[in-house]
Every structure is written in C-alpha cells, then in structure tokens.
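Okay, work_36.pdb is below, PDB, C-alpha atoms:
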```pdb
MODEL        1
ATOM      1  CA  TYR A1200      10.155  88.562  13.915
ATOM      2  CA  ALA A1201      12.630  86.497  11.891
ATOM      3  CA  GLY A1202      14.658  89.458  10.664
ATOM      4  CA  GLU A1203      14.426  88.376   7.020
ATOM      5  CA  ASN A1204      11.662  87.907   4.456
ATOM      6  CA  ILE A1205      10.687  84.228   4.627
ATOM      7  CA  GLN A1206      10.685  81.963   1.571
ATOM      8  CA  ASP A1207       9.911  78.705   3.393
ATOM      9  CA  LEU A1208       9.842  77.205   6.906
ATOM     10  CA  ALA A1209      10.978  73.896   8.388
ATOM     11  CA  VAL A1210       9.972  72.800  11.893
ATOM     12  CA  GLU A1211      12.238  70.506  13.910
ATOM     13  CA  SER A1212      10.382  70.569  17.243
ATOM     14  CA  THR A1213       8.070  72.731  19.334
ATOM     15  CA  ASP A1214      11.010  75.059  20.007
ATOM     16  CA  VAL A1215      13.305  74.736  16.980
ATOM     17  CA  ALA A1216      12.504  75.942  13.466
ATOM     18  CA  TYR A1217      14.400  77.181  10.416
ATOM     19  CA  ALA A1218      13.498  79.963   7.977
ATOM     20  CA  ALA A1219      14.888  80.042   4.451
ATOM     21  CA  THR A1220      15.342  83.642   3.321
ATOM     22  CA  ASP A1221      13.380  84.940   0.347
ATOM     23  CA  GLY A1222      15.708  86.155  -2.410
ATOM     24  CA  GLU A1223      18.872  85.033  -0.588
ATOM     25  CA  ASN A1224      20.844  81.818  -0.030
ATOM     26  CA  THR A1225      20.646  82.096   3.775
ATOM     27  CA  VAL A1226      18.841  80.282   6.600
ATOM     28  CA  SER A1227      18.047  81.514  10.118
ATOM     29  CA  LYS A1228      17.140  79.468  13.196
ATOM     30  CA  THR A1229      15.017  79.869  16.312
ATOM     31  CA  GLU A1230      15.439  77.732  19.425
ATOM     32  CA  ASN A1231      12.622  79.280  21.475
ATOM     33  CA  ALA A1232       9.542  78.860  19.275
ATOM     34  CA  GLY A1233      10.170  81.988  17.231
ATOM     35  CA  PHE A1234      10.729  84.505  20.029
ATOM     36  CA  ILE A1235      14.339  85.117  18.938
ATOM     37  CA  TRP A1236      15.919  84.245  15.591
ATOM     38  CA  ASP A1237      19.657  83.870  15.019
ATOM     39  CA  ASP A1238      21.386  85.786  12.246
ATOM     40  CA  ALA A1239      20.913  84.086   8.888
ATOM     41  CA  GLU A1240      23.811  81.885   7.746
ATOM     42  CA  SER A1241      24.840  81.380   4.105
ATOM     43  CA  THR A1242      24.202  77.932   2.629
ATOM     44  CA  GLY A1243      26.920  78.447   0.031
ATOM     45  CA  MET A1244      24.562  77.998  -2.911
ATOM     46  CA  SER A1245      25.041  80.318  -5.890
ATOM     47  CA  GLY A1246      21.283  80.743  -6.212
ATOM     48  CA  ASN A1247      18.630  81.586  -3.634
ATOM     49  CA  CYS A1248      16.715  79.294  -1.294
ATOM     50  CA  HIS A1249      13.625  77.703  -2.815
ATOM     51  CA  MET A1250      12.495  75.194  -0.168
ATOM     52  CA  ILE A1251      13.715  73.844   3.176
ATOM     53  CA  THR A1252      13.041  70.707   5.210
ATOM     54  CA  SER A1253      14.051  69.343   8.621
ATOM     55  CA  LEU A1254      15.132  65.707   8.808
ATOM     56  CA  GLY A1255      15.614  65.516  12.579
ATOM     57  CA  GLU A1256      17.660  67.153  15.309
ATOM     58  CA  ASP A1257      20.163  69.597  13.734
ATOM     59  CA  LEU A1258      19.589  68.088  10.250
ATOM     60  CA  VAL A1259      18.484  70.646   7.652
ATOM     61  CA  LEU A1260      18.230  70.344   3.875
ATOM     62  CA  VAL A1261      17.649  73.157   1.372
ATOM     63  CA  GLY A1262      16.794  73.180  -2.332
ATOM     64  CA  GLY A1263      17.816  76.249  -4.315
ATOM     65  CA  THR A1264      16.690  78.217  -7.348
ATOM     66  CA  GLU A1265      19.737  77.428  -9.497
ATOM     67  CA  GLY A1266      19.671  73.642  -9.555
ATOM     68  CA  GLU A1267      21.545  73.253  -6.266
ATOM     69  CA  ALA A1268      20.996  71.817  -2.795
ATOM     70  CA  ALA A1269      22.807  72.235   0.524
ATOM     71  CA  TYR A1270      22.612  70.573   3.917
ATOM     72  CA  SER A1271      23.656  71.140   7.519
ATOM     73  CA  THR A1272      24.206  68.593  10.298
ATOM     74  CA  ASP A1273      24.819  71.131  13.076
ATOM     75  CA  GLY A1274      21.579  73.089  13.118
ATOM     76  CA  GLY A1275      22.411  75.507  10.326
ATOM     77  CA  GLU A1276      25.789  76.803  11.530
ATOM     78  CA  ASP A1277      27.807  75.121   8.771
ATOM     79  CA  TRP A1278      26.574  74.072   5.343
ATOM     80  CA  GLU A1279      27.694  71.616   2.670
ATOM     81  CA  ASP A1280      26.851  72.925  -0.811
ATOM     82  CA  LEU A1281      26.268  70.090  -3.289
ATOM     83  CA  ASP A1282      27.165  70.082  -6.977
ATOM     84  CA  GLN A1283      24.734  71.799  -9.332
ATOM     85  CA  ILE A1284      22.276  69.519 -11.136
ATOM     86  CA  ALA A1285      21.059  71.990 -13.771
ATOM     87  CA  ALA A1286      21.198  75.787 -13.942
ATOM     88  CA  GLY A1287      18.033  77.848 -13.659
ATOM     89  CA  ALA A1288      15.955  75.160 -11.933
ATOM     90  CA  ALA A1289      14.075  75.254  -8.633
ATOM     91  CA  VAL A1290      14.957  72.109  -6.665
ATOM     92  CA  GLN A1291      12.673  69.878  -4.596
ATOM     93  CA  VAL A1292      14.832  67.782  -2.273
ATOM     94  CA  THR A1293      14.580  65.199   0.514
ATOM     95  CA  ALA A1294      16.886  62.596   2.044
ATOM     96  CA  SER A1295      17.048  59.349   3.989
ATOM     97  CA  GLY A1296      19.511  61.053   6.355
ATOM     98  CA  LEU A1297      22.578  63.256   6.205
ATOM     99  CA  GLU A1298      25.378  60.876   7.171
ATOM    100  CA  GLU A1299      27.856  59.292   4.765
ATOM    101  CA  GLY A1300      26.064  56.507   2.904
ATOM    102  CA  ASP A1301      22.625  58.172   3.139
ATOM    103  CA  PHE A1302      20.821  59.222  -0.038
ATOM    104  CA  ILE A1303      19.580  62.642  -1.114
ATOM    105  CA  TYR A1304      16.795  62.760  -3.720
ATOM    106  CA  ALA A1305      16.042  65.731  -5.959
ATOM    107  CA  ALA A1306      13.624  66.781  -8.681
ATOM    108  CA  LEU A1307      13.483  70.024 -10.678
ATOM    109  CA  ASP A1308      10.725  72.289 -11.957
ATOM    110  CA  THR A1309      12.413  72.381 -15.394
ATOM    111  CA  LEU A1310      10.201  70.761 -18.029
ATOM    112  CA  GLY A1311      11.190  67.283 -19.207
ATOM    113  CA  GLU A1312      13.667  66.725 -16.374
ATOM    114  CA  ASP A1313      14.667  63.535 -14.556
ATOM    115  CA  ILE A1314      14.652  62.461 -10.911
ATOM    116  CA  TYR A1315      18.071  62.423  -9.254
ATOM    117  CA  ARG A1316      19.808  60.716  -6.339
ATOM    118  CA  LEU A1317      23.140  61.434  -4.666
ATOM    119  CA  GLU A1318      24.867  59.228  -2.093
ATOM    120  CA  ILE A1319      26.490  61.359   0.599
ATOM    121  CA  GLY A1320      30.229  60.945   0.215
ATOM    122  CA  ASP A1321      29.897  60.962  -3.605
ATOM    123  CA  ASP A1322      29.929  64.173  -5.670
ATOM    124  CA  ASP A1323      27.793  62.929  -8.565
ATOM    125  CA  TRP A1324      24.029  63.076  -8.992
ATOM    126  CA  ASP A1325      22.603  59.987 -10.717
ATOM    127  CA  ASP A1326      19.541  59.901 -12.973
ATOM    128  CA  VAL A1327      17.200  57.348 -11.360
ATOM    129  CA  ILE A1328      14.191  57.148 -13.690
ATOM    130  CA  ASP A1329      13.651  55.482 -17.053
ATOM    131  CA  GLY A1330      12.807  58.497 -19.223
ATOM    132  CA  ASN A1331      11.743  61.648 -17.342
ATOM    133  CA  LEU A1332       8.734  63.369 -15.761
ATOM    134  CA  GLY A1333       7.325  64.276 -19.187
ATOM    135  CA  ALA A1334       8.169  66.918 -21.767
ATOM    136  CA  THR A1335       5.667  69.442 -20.370
ATOM    137  CA  TYR A1336       5.873  68.564 -16.649
ATOM    138  CA  GLY A1337       8.026  70.011 -13.870
ATOM    139  CA  ALA A1338       8.411  68.833 -10.260
ATOM    140  CA  TYR A1339       6.689  70.713  -7.433
ATOM    141  CA  GLY A1340       7.058  68.307  -4.531
ATOM    142  CA  ILE A1341       9.045  65.362  -3.223
ATOM    143  CA  ALA A1342       8.613  63.079  -0.215
ATOM    144  CA  LEU A1343      10.335  60.016   1.231
ATOM    145  CA  VAL A1344       8.645  57.476   3.517
ATOM    146  CA  ASP A1345      11.093  54.780   4.599
ATOM    147  CA  ASN A1346      12.449  53.663   1.190
ATOM    148  CA  VAL A1347       9.445  54.830  -0.838
ATOM    149  CA  CYS A1348       9.958  58.053  -2.787
ATOM    150  CA  TYR A1349       7.181  60.202  -4.255
ATOM    151  CA  VAL A1350       7.615  63.027  -6.788
ATOM    152  CA  LEU A1351       4.762  65.369  -7.701
ATOM    153  CA  ALA A1352       4.819  66.883 -11.210
ATOM    154  CA  SER A1353       2.485  69.280 -13.000
ATOM    155  CA  ASP A1354       2.139  70.994 -16.375
ATOM    156  CA  GLY A1355      -0.017  73.797 -15.000
ATOM    157  CA  ALA A1356      -3.276  72.066 -15.936
ATOM    158  CA  ASP A1357      -2.914  68.444 -14.813
ATOM    159  CA  SER A1358      -0.620  66.605 -12.418
ATOM    160  CA  ILE A1359       1.127  63.246 -12.003
ATOM    161  CA  LEU A1360       2.402  61.575  -8.837
ATOM    162  CA  PHE A1361       5.416  59.301  -9.454
ATOM    163  CA  ARG A1362       6.427  56.592  -6.977
ATOM    164  CA  THR A1363       9.179  54.034  -6.477
ATOM    165  CA  LEU A1364       9.047  51.399  -3.745
ATOM    166  CA  SER A1365      12.841  50.987  -3.596
ATOM    167  CA  ALA A1366      14.338  54.450  -3.803
ATOM    168  CA  SER A1367      17.854  53.482  -2.702
ATOM    169  CA  SER A1368      18.318  50.906  -5.474
ATOM    170  CA  VAL A1369      16.580  52.396  -8.542
ATOM    171  CA  ASP A1370      18.674  53.524 -11.516
ATOM    172  CA  ASP A1371      18.183  55.141 -14.924
ATOM    173  CA  ASP A1372      16.548  51.945 -16.233
ATOM    174  CA  SER A1373      13.915  51.892 -13.471
ATOM    175  CA  THR A1374      10.270  52.560 -14.248
ATOM    176  CA  TRP A1375       8.416  54.511 -11.565
ATOM    177  CA  SER A1376       4.699  53.887 -11.181
ATOM    178  CA  SER A1377       2.510  56.958 -11.677
ATOM    179  CA  LYS A1378      -0.999  58.267 -11.114
ATOM    180  CA  ALA A1379      -2.299  61.189 -13.172
ATOM    181  CA  THR A1380      -5.168  63.636 -12.668
ATOM    182  CA  THR A1381      -5.696  63.920 -16.434
ATOM    183  CA  ASP A1382      -9.346  63.577 -17.494
ATOM    184  CA  ALA A1383     -10.367  63.478 -13.839
ATOM    185  CA  ASP A1384     -10.390  66.840 -12.097
ATOM    186  CA  ASN A1385      -7.802  68.711 -14.187
ATOM    187  CA  VAL A1386      -6.038  69.727 -10.996
ATOM    188  CA  ALA A1387      -2.761  71.654 -11.191
ATOM    189  CA  LEU A1388      -0.967  70.550  -8.022
ATOM    190  CA  ASN A1389       1.839  73.074  -8.425
ATOM    191  CA  ASP A1390       1.739  75.124  -5.259
ATOM    192  CA  GLY A1391       5.084  76.459  -4.046
ATOM    193  CA  PRO A1392       7.566  76.362  -2.530
ATOM    194  CA  GLN A1393       6.556  72.772  -1.653
ATOM    195  CA  GLY A1394       3.492  71.149  -3.160
ATOM    196  CA  LEU A1395       3.629  67.726  -1.491
ATOM    197  CA  PHE A1396       3.579  66.643   2.154
ATOM    198  CA  VAL A1397       3.177  63.349   3.996
ATOM    199  CA  SER A1398       1.335  62.969   7.288
ATOM    200  CA  THR A1399       3.716  61.975  10.092
ATOM    201  CA  GLY A1400       3.713  58.230  10.694
ATOM    202  CA  SER A1401       1.563  57.388   7.680
ATOM    203  CA  THR A1402       1.497  57.317   3.904
ATOM    204  CA  LYS A1403      -1.298  59.865   3.583
ATOM    205  CA  LEU A1404      -0.178  62.404   0.959
ATOM    206  CA  TRP A1405      -1.290  66.025   0.735
ATOM    207  CA  ALA A1406      -0.999  68.325  -2.285
ATOM    208  CA  LEU A1407      -2.300  71.846  -2.933
ATOM    209  CA  SER A1408      -3.662  73.230  -6.191
TER     210      SER A1408
ENDMDL
END
```

Output the file's structure as structure tokens, nothing else.
Amino acid sequence: YAGENIQDLAVESTDVAYAATDGENTVSKTENAGFIWDDAESTGMSGNCHMITSLGEDLVLVGGTEGEAAYSTDGGEDWEDLDQIAAGAAVQVTASGLEEGDFIYAALDTLGEDIYRLEIGDDDWDDVIDGNLGATYGAYGIALVDNVCYVLASDGADSILFRTLSASSVDDDSTWSSKATTDADNVALNDGPQGLFVSTGSTKLWALS
C-alpha cells in the first residue's frame, strides 16, 4: 500500500520504484519491492504530477500538469524544480541524464505546441522543432534512445510520431521526420499518463490507443 493515490509509476530495479501522487506534486519511494513506501516528498512544482520516469539509480524525472518538470538525483529526497514552459499543460519529459551538461526533453499536450530541450545548468527551455506538432495535435508520449528522440502526438482521432536522429544538436530550424496514422487505421494514440514506451535495449516502440 503506497499511502497515496497513484498517478503514475516508475521502476528503477526489482526492489526500487517511485509513485507519483495523483492530484499532488509529491513522489513516494519503495526500496523493498512495494512492501513499504516512504512518505511522499514534494517535487516543488506548482502543479500536480502528470508522469514519472526512472533514468537509473537514484535518478527520477517528473512532468507536471502546469507546464513544469522536476528531477531528483538522490532517489527522490531532494528535487530540482525547472522553469515553467507553459501554464496549464501536461508535460511529457525524458532526459539523456541528470548531470550538468545533460539534456532534458519535453513536449506538452497543449494544441499547436513545440518540442523543447533544456541543458542542465541552464535555466532556459529552447524550442527545437521547425514549426510545431500541428495546430490540432498535443503530445502524449516522449522517448529517448541514445541520441534519437521520439514524440507521440494525437488530435483524438489520428496520431503522428515525430523523430530526430540528433536530439542534442537540433534547434528551432530543424525538421523532424514524422509518420502519421491518418487514412490508415485512424488510431488515437493518446493514452495517459504516458502513451509511448520503448523496449529495453531496442528501438521497438509501443503506444496505446
């Protein structure tokens, strides 16, 4: 019993997992496969937790409901709240790591939004796509494999998967390749809180309608 209503889960190992609290900005941790959960710690975000991901031992990253993200490098005891990207937006977020010089990538469920990147040690989010995800599309998933970044977007009827092969060097003039479901299966790949996953050790992508 985690002690809180669960919004999303992130698994670090067979023993360690993190639970983002539903309707709060807090995260709790278990170190014995869920038998005991620590008290939930505040991430510092002004909004609530939307999604959570583990990037390795003690490395946790959270996307919020108010255009924010936060990360911890000590297993969820202390959190670094990042600058807000846009108010009222649920954030999908991933990262190459959580040390200075690593990159955090974010996309929002707000219609017509961009894809963003922040270098740890810098306070500013940069727009890293030429144009945006489309006037009627919002982001419902994000994944990073080595230096390849994928962003899943949907308009509630169809979906598009965006990809860049050089995530750390793209900028606001960069064109991301894309693959749409339009006129194929009309699949709305907009499941929450995270709609996109990558199989460990491969580039096999999974999305839920």

Exercise. Skip region 1285-1297 of chain A itself and residues of its chain fewer than 5 positions away, then list as an MDAnalysis selection string all residues within 9 Å of it, counting only C-alpha atoms.
Key: chainID A and resid 1246 1248:1252 1254:1255 1258:1268 1270:1272 1302:1309 1319 1338:1346 1350 1367 1392:1393

Please write the residues picked by the PyMOL selection byres ((chain A and resi 1324) around 10) on this file as a tab-separated table (two decimals) with C-alpha atoms, in the frame of the given file.
```
chain	number	residue	atom	x	y	z
A	1281	LEU	CA	26.27	70.09	-3.29
A	1282	ASP	CA	27.16	70.08	-6.98
A	1283	GLN	CA	24.73	71.80	-9.33
A	1284	ILE	CA	22.28	69.52	-11.14
A	1303	ILE	CA	19.58	62.64	-1.11
A	1304	TYR	CA	16.80	62.76	-3.72
A	1305	ALA	CA	16.04	65.73	-5.96
A	1314	ILE	CA	14.65	62.46	-10.91
A	1315	TYR	CA	18.07	62.42	-9.25
A	1316	ARG	CA	19.81	60.72	-6.34
A	1317	LEU	CA	23.14	61.43	-4.67
A	1318	GLU	CA	24.87	59.23	-2.09
A	1321	ASP	CA	29.90	60.96	-3.60
A	1322	ASP	CA	29.93	64.17	-5.67
A	1323	ASP	CA	27.79	62.93	-8.56
A	1325	ASP	CA	22.60	59.99	-10.72
A	1326	ASP	CA	19.54	59.90	-12.97
A	1327	VAL	CA	17.20	57.35	-11.36
```

Self-check item: d(CA of Ser1227 (chain A), CA of Glu1211 (chain A)) in Å
Solution: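 So the answer is 13.0 Å.
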
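Distance check against Gly1202 (chain A) using only C-alpha atoms: of A:Val1215, A:Asp1370, A:Thr1225, A:Asp1238, the minimum falls on A:Asp1238.
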
Quiz item: Restricting the calculation to only C-alpha atoms, which member of A:Gly1275, A:Gly1311, A:Gly1320, A:Gly1300 is positioned closest to Thr1242 (chain A)?
Solution: A:Gly1275

Quiz item: When the PyMOL selection byres ((chain A and resi 1219) around 6) is applied to the file above, which residues end up in the set, as a list in words?
Solution: Ile1205, Gln1206, Asp1207, Ala1218, Thr1220 and Val1226 of chain A

Quiz item: For the file shown, what are the residues hit by the PyMOL selection byres ((chain A and resi 1222) around 6), laid out as a PyMOL selection string?
Solution: chain A and resi 1221+1223+1247

Exercise. Mind giving me the straight-line distance from CA of Asp1277 (chain A) to CA of Ser1212 (chain A) in Å, one decimal?
Key: 19.9 Å

Self-check item: Gap from CA of Ser1398 (chain A) to CA of Glu1276 (chain A) - Å, one decimal
Solution: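 Answer for the CA of Ser1398 (chain A) to CA of Glu1276 (chain A) separation: 28.4 Å.
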
Quiz prompt | Minimum-distance residue to Ala1387 (chain A), chosen among A:Trp1405, A:Asp1371, A:Ser1358, A:Ala1366 (using only C-alpha atoms) | solution =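 Checking each of A:Trp1405, A:Asp1371, A:Ser1358, A:Ala1366 against Ala1387 (chain A), counting only C-alpha atoms, the winner is A:Ser1358.
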
May I have the centre and edge lengths, in Å to one decimal, of an axis-aligned box around the listed atoms of region 1236-1254 of chain A with 5 Å added to every side, as JSON?
```
{"center_x": 19.7, "center_y": 75.7, "center_z": 4.7, "size_x": 24.4, "size_y": 30.1, "size_z": 31.8}
```

Practice problem: Counting all atoms listed in the file, figure out which residue out of A:Tyr1349, A:Glu1312, A:Asn1331, A:Tyr1336 gets nearest to Lys1403 (chain A). | Solution: A:Tyr1349
